Amino acid sequence: QDWDYLHTNDFEVAIELGCVKYPYGRDLAGYWHANEKALVEYIKQVHKGMAGFVLATDGSGIPGAAIFVHGIDHNVTSAADGDYWRLLVPGTYQVTAVAEGYQSLTQEVTITDGEATQLNFTLQSWSEEKDYGLPNEPNYVTNEDLVTVIENFVKEHQGIIKMEDNSD
């Protein structure tokens with residue numbers, strides 16, 4: 001159960017209702033009727049907290065995105081269609097979605113005591129063309145070309161820049 005919680009989105013719980021590890025089948029209905037209301041109320045708790053989707057700008061789901069709640073040392077991961085769910089008690093949280101190849105996004109969410117709060121993330125793709133405005137293909141220059149560029153820059157900004165030749 002601990003492994004499931006730490007390594008998957010599965011929050012598995014074992015509920016023991018008595019001291020007998022393997023009760024007789026004829027006794028199971030009695031266990032159910034004695035605990036039905038409490039068990040159903042407990043199961044309803046999975047609908048608390050927050051849920052939503054991690055999407056790309058084209059609307060497709062991003063699988064495997066990590067959703068971090070600041071201050072809580074356990075993230076959840078989005079499923080195949082980008083959907084995720086996270087149990088949280090009422091409060092205000094900073095939540096960040098992170099996926100490889102995308103810019104992370106942090107949003108603030110307030111969780112109330114009721115149905116899960118919907119919080120969707122739309123992540124921008126990190127493409128080389130958009131990364132810091134650099135071109136897709138690098139433009140390399142030779143040392144001689146670089147020296148020429150610097151010399152021209154020194155001429156344009158005389159008194160501000162001084163160029164020294166330290167080559168041996």
# chains A, B, ... in the order shown; residues from 1 in each chain; ligands from 1

call {"tool": "closest_atom_pairs", "arguments": {"of": "range 40-71 of chain A", "to": "range 10-34 of chain A", "cutoff": "12 Å", "atoms": "only C-alpha atoms", "output": "Markdown table"}}
result
| residue | atom | partner | partner_atom | distance |
| --- | --- | --- | --- | --- |
| A:Val40 | CA | A:Trp32 | CA | 10.5 |
| A:Tyr42 | CA | A:Val13 | CA | 10.7 |
| A:Ile43 | CA | A:Val13 | CA | 10.6 |
| A:Gln45 | CA | A:Phe11 | CA | 11.4 |
| A:Val46 | CA | A:Phe11 | CA | 9.2 |

call {"tool": "residues_around", "arguments": {"residues": "range 53-56 of chain A", "least_positions_apart": "6", "cutoff": "10 Å", "atoms": "only C-alpha atoms", "output": "list of chain:residue names"}}
result
A:Ile62, A:Pro63, A:Gly64, A:Ala65, A:Ala66, A:Ile67, A:Thr77, A:Ser78, A:Ala79, A:Asp81, A:Gly82, A:Asp83, A:Tyr84, A:Trp85, A:Ala97, A:Val98, A:Ala99, A:Tyr102, A:Gln118, A:Leu119, A:Asn120, A:Phe121, A:Thr122, A:Leu123, A:Gln124, A:Ser125

call {"tool": "atom_distance", "arguments": {"atom1": "CA of Val89 in chain A", "atom2": "CA of Ile111 in chain A"}}
result
7.0 Å

call {"tool": "select_by_dssp", "arguments": {"residues": "range 51-95 of chain A", "states": "strand (DSSP E)", "output": "list in words"}}
result
Ala51, Gly52, Phe53, Val54, Leu55, Ala56, Ala66, Ile67, Phe68, Val69, Val76, Thr77, Asp83, Tyr84, Trp85, Arg86, Gly91, Thr92, Tyr93, Gln94 and Val95 of chain A

call {"tool": "atom_distance", "arguments": {"atom1": "CA of Glu108 in chain A", "atom2": "CA of Thr92 in chain A"}}
result
7.0 Å
